[in-house]
Amino acid sequence: MLESYVEARNCLLESLEDLHQLISHRKDESAAKATQELIAKLLDGHFNLAVLGQFKRGKTTLINALLGSRLLPTAVVPLTSIITMIKYGNNLKIEVLFKNGVRKEITLEQLPDYVTERGNPENQKGVQYAEVHYDSPYLRDGVQIIDTPGIGSTYEHNTDVTYNYLSKVDAAVFLVGVDPPISQVEYNFLNDIRKHVNKIFFLQNKIDQMDEKDRAESLEFTKGVIEEKASLKDIKIFPISAKVALEARLNNNQEKMDGSLISDVEKALNDFLMKEKGKAVLSSALNNTLKILSDEMMSIELEMKAISIPLEELKKKINEFNIQKEKISQAKQDFEYLLRGEKEKLISILESDLKNFVEAKVPELTKKMEEHYKNHKDKGKTELTKAIDRAMRREVESIFNEWRTHEEDKLRQGFENVSRRFSSKANDIIAYIKKLSSDIFDIKVETLSSVETLAEETYFQYRIGSLFDTTLALEILPFALPGFLFRRMALKRMLEQCREELDKNAGRIRYDFLERIEKSLGNFRDELFSKINATLTGIESALERAILEIGSGEEKVTYAKKNIKEQTDVLKRIRGSLGKLERELSK
């Protein structure tokens with residue numbers, strides 16, 4: 001599926017391996033670690049493709065068709081209730097991750113006991129998600145397929161599971177059927193998906209159930225309705241039969257495979273991965289590789305220059321470099337101080353927004369809960385209290401969910417602005433270091449815009465899961481009281497709880513955001529400082545080697561020059577290879 005992406009990635013990996021080998025030979029530990037991390041990142045990089053849609057649209061069958069195996073359980077009744085992540089593995093391995101952090105390895109036969117409504121009703125076993133490692137060419141190059149519970153079934157918690165996972169999705173396959181073409185529940189779900197997922201592939205499944213004329217009519221109707229209801233223009237809907245595609249793959253029947261039309265979907269996914277998602281990943285890794293390569297080329301040229309001048313002159317130049325290096329140290333201190341100030345600004349924005357939001361929503365929640373109370377006040381004591389509990393939870397979640405989406409977008413933009421400015425500052429420091437070396441040692445250096453903004457790195461991961469926790473604390477209500485007195489106390493407690501629940505969950509959200517802001521900016525700082533330090537370390541290592549080589553005599557210097565020439569040739573070859581990839585990605 002991913003031929004073009006894989007070819008480009010393998011080209012970059014080959015260059016990185018060569019660069020890592022040369023750097024390791026030169027005993028440049030900092031640069032060697034950086035190249036190793038880039039290699040690991042490219043090898044471990046993944047692309048989350050979620051299959052979404054209403055229950056019984058054939059999502060699990062589609063995944064099985066893509067994999068060419070009846071790997072995941074399917075049934076006549078609504079089935080999937082837990083997120084199942086399918087990723088590459090040399091051998092079949094299935095693990096269940098529970099909400100308490102425990103992992104448990106299970107067999108394929110046991111999988112339905114954990115991820116289906118029949119085997120694990122209302123998720124009584126406390127499963128967070130299941131992870132299936134499977135040897136498939138479709139997964140080998142970083143694609144992870146996410147099987148999600150269908151929305152709109154009688155099991156409301158299944159819908160919640162799917163909604164909570166949307167923030168982790170790189171692209172979505174949205175599956176609709178042919179009869180009826182699309183429902184109101186699906187319109188609403190699609191609009192929610194668009195808040196979190198930038199790329200959506202629309203598939204109309206089960207085309208084998210209609211003749212060609214009815215299929216075309218259904219497809220055109222569905223296309224028009226989606227465009228109107230979701231305010232989209234010129235969408236493409238892929239007609240497929242997941243069932244026929246699966247049978248074709250299992251029986252190696254090319255005629256049936258062509259008839260299923262699944263190859264059109266696979267081509268579109270490949271194009272997206274290479275041109276959009278994969279291109280961003282490769283561009284990021286390429287920029288970092290070019291930065292390491294540039295540092296190494298400068299280090300080698302500096303070493304060649306250094307061993308070609310008298311020792312006393314070299315020592316004077318090193319002393320001059322060390323004096324000027326104090327400015328770099330001061331620049332880094334200023335950098336850290338200013339970055340700390342930006343963090344405080346982000347936190348201040350969050351706290352002000354959250355406080356104002358809660359104040360504005362107390363009256364709204366109170367009014368809605370009074371309506372719920374009126375609708376349930378004639379029920380029994382226990383039933384009344386449980387009904388109010390459920391209503392409180394739904395209303396609190398509803399109130400915060402919309403705000404969270406808005407606030408996340410606002411903070412992301414703020415974080416991207418910070419990363420853009422401070423990446424530029426880091427580039428200025430690196431450019432200064434290189435110019436300093438160039439001026440003192442009279443060498444030519446390649447100046448790159450070497451530190452990216454973190455908008456592409458996506459360090460700022462602050463999506464929140466289900467934090468909401470509401471309860472009327474049944475044990476403190478006096479159930480022995482007469483009904484009218486009990487209801488009066490329940491009403492009073494409920495109204496008091498409106499602000500309490502908003503404040504409590506606002507506190508949880510605040511803590512989560514603050515923790516993520518702290519972690520994100522910490523990662524950002526470390527990333528930038530590591531690149532500044534790597535440039536400095538490369539220069540210092542080259543100068544140390546030069547002094548040792550000069551001190552070892554003329555023969556050692558001659559050997560070193562020959563070795564440096566060979567290393568320079570290797571770096572030029574790597575640079576040429578990377579240049580081709582650079583031109584390809586810029587198209």
# chains A, B, ... in the order shown; residues from 1 in each chain; ligands from 1
>>> residues_around(residues="Pro363 in chain A", least_positions_apart="3", cutoff="12 Å", atoms="only C-alpha atoms", output="PyMOL selection string")
chain A and resi 357-360+366-370+399+495-496+498-499+502
>>> select_by_dssp(residues="range 20-104 of chain A", states="strand (DSSP E or B)", output="list of chain:residue names")
A:Phe47, A:Asn48, A:Leu49, A:Ala50, A:Val51, A:Leu52, A:Gly53, A:Gln54, A:Thr80, A:Thr84, A:Met85, A:Ile86, A:Lys87, A:Tyr88, A:Lys93, A:Ile94, A:Glu95, A:Val96, A:Leu97, A:Phe98, A:Arg103, A:Lys104
>>> atom_distance(atom1="CA of Ile430 in chain A", atom2="CA of Thr568 in chain A")
21.7 Å
>>> select_by_dssp(residues="range 169-238 of chain A", states="helix (DSSP H, G or I)", output="PyMOL selection string")
chain A and resi 184-196+207-209+212-229
>>> closest_residue(among="A:Ile226, A:Lys343, A:Leu491, A:Ala268", to="Glu371 in chain A", atoms="only C-alpha atoms")
A:Leu491
>>> residues_around(residues="range 132-145 of chain A", least_positions_apart="3", cutoff="7 Å", atoms="only C-alpha atoms", output="PDB file with C-alpha atoms, in the first residue's frame")
ATOM      1  CA  MET A   1       0.000   0.000   0.000  1.00  0.00           C
ATOM      2  CA  VAL A   6       8.420   3.374   2.245  1.00  0.00           C
ATOM      3  CA  GLY A  45       6.719   6.096  13.646  1.00  0.00           C
ATOM      4  CA  HIS A  46       3.084   5.174  13.188  1.00  0.00           C
ATOM      5  CA  PHE A  47      -0.009   6.450  11.478  1.00  0.00           C
ATOM      6  CA  ASN A  48      -3.323   5.965  13.287  1.00  0.00           C
ATOM      7  CA  LEU A  49      -6.082   5.091  10.828  1.00  0.00           C
ATOM      8  CA  ALA A  50      -9.421   4.803  12.623  1.00  0.00           C
ATOM      9  CA  LEU A  67      -5.478  -7.358   6.527  1.00  0.00           C
ATOM     10  CA  MET A  85      -5.511  -1.277  17.969  1.00  0.00           C
ATOM     11  CA  ILE A  86      -3.916  -3.471  15.310  1.00  0.00           C
ATOM     12  CA  LYS A  87      -0.191  -2.903  14.723  1.00  0.00           C
ATOM     13  CA  TYR A  88       2.668  -4.782  13.123  1.00  0.00           C
ATOM     14  CA  GLY A  89       4.388  -7.706  14.812  1.00  0.00           C
ATOM     15  CA  ASN A  90       6.489 -10.609  13.559  1.00  0.00           C
ATOM     16  CA  ASN A  91       4.215 -13.013  15.406  1.00  0.00           C
ATOM     17  CA  LEU A  92       0.597 -12.816  16.508  1.00  0.00           C
ATOM     18  CA  LYS A  93       0.449 -11.333  19.989  1.00  0.00           C
ATOM     19  CA  ILE A  94      -2.583  -9.894  21.750  1.00  0.00           C
ATOM     20  CA  GLU A  95      -2.521  -7.808  24.923  1.00  0.00           C
TER      21      GLU A  95
END
>>> closest_residue(among="A:Leu250, A:Val418, A:Ala331, A:Ala490", to="Tyr373 in chain A", atoms="only C-alpha atoms")
A:Ala490
>>> atom_distance(atom1="CA of Leu521 in chain A", atom2="CA of Glu296 in chain A")
27.9 Å
>>> residues_around(residues="Phe202 in chain A", least_positions_apart="6", cutoff="9 Å", atoms="only C-alpha atoms", output="mmCIF file with C-alpha atoms, in the first residue's frame")
data_model
loop_
_atom_site.group_PDB
_atom_site.id
_atom_site.type_symbol
_atom_site.label_atom_id
_atom_site.label_comp_id
_atom_site.auth_asym_id
_atom_site.auth_seq_id
_atom_site.Cartn_x
_atom_site.Cartn_y
_atom_site.Cartn_z
ATOM 1 C CA ALA A 172 -10.472 8.409 9.600
ATOM 2 C CA VAL A 173 -12.379 6.046 7.381
ATOM 3 C CA PHE A 174 -16.058 6.961 7.778
ATOM 4 C CA LEU A 175 -18.227 4.050 6.769
ATOM 5 C CA VAL A 176 -21.853 4.422 5.664
ATOM 6 C CA ILE A 235 -16.410 15.060 -1.345
ATOM 7 C CA LYS A 236 -15.452 11.713 -2.816
ATOM 8 C CA ILE A 237 -17.239 8.599 -1.608
ATOM 9 C CA PHE A 238 -15.618 5.247 -2.365
ATOM 10 C CA PRO A 239 -18.157 2.476 -3.040
#
>>> closest_residue(among="A:Asp295, A:Glu217, A:Asp192, A:Glu37", to="Ile539 in chain A", atoms="only C-alpha atoms")
A:Asp295
>>> residues_around(residues="Cys11 in chain A", least_positions_apart="5", cutoff="10 Å", atoms="only C-alpha atoms", output="VMD selection string")
chain A and resid 5 to 6 16 577 to 578 580 to 581
>>> atom_distance(atom1="CA of Arg118 in chain A", atom2="CA of Arg103 in chain A")
21.4 Å
>>> closest_residue(among="A:Ala65, A:Ile328, A:Val127, A:Ile323", to="Ala426 in chain A", atoms="only C-alpha atoms")
A:Ile328
>>> closest_residue(among="A:Lys345, A:Lys379, A:Arg194, A:His20", to="Leu514 in chain A", atoms="only C-alpha atoms")
A:Lys345
>>> residues_around(residues="Glu303 in chain A", least_positions_apart="5", cutoff="9 Å", atoms="only C-alpha atoms", output="list of chain:residue names")
A:Met298, A:Ser308, A:Ile539, A:Ser541, A:Ala542, A:Leu543, A:Glu544, A:Arg545, A:Ala546, A:Lys561, A:Ile564
>>> residues_around(residues="Ile532 in chain A", least_positions_apart="2", cutoff="8 Å", atoms="only C-alpha atoms", output="VMD selection string")
chain A and resid 426 429 to 430 528 to 530 534 to 536
>>> write_last_selection(atoms="C-alpha atoms", output="CSV table (one decimal), in the first residue's frame")
chain,number,residue,atom,x,y,z
A,426,ALA,CA,17.7,28.8,18.8
A,429,ILE,CA,22.4,30.9,18.5
A,430,ILE,CA,23.4,28.0,16.3
A,528,LEU,CA,16.3,23.1,21.3
A,529,PHE,CA,19.1,23.0,23.9
A,530,SER,CA,20.3,19.6,22.7
A,534,ALA,CA,25.4,19.3,19.8
A,535,THR,CA,26.8,22.1,17.6
A,536,LEU,CA,29.1,23.2,20.4
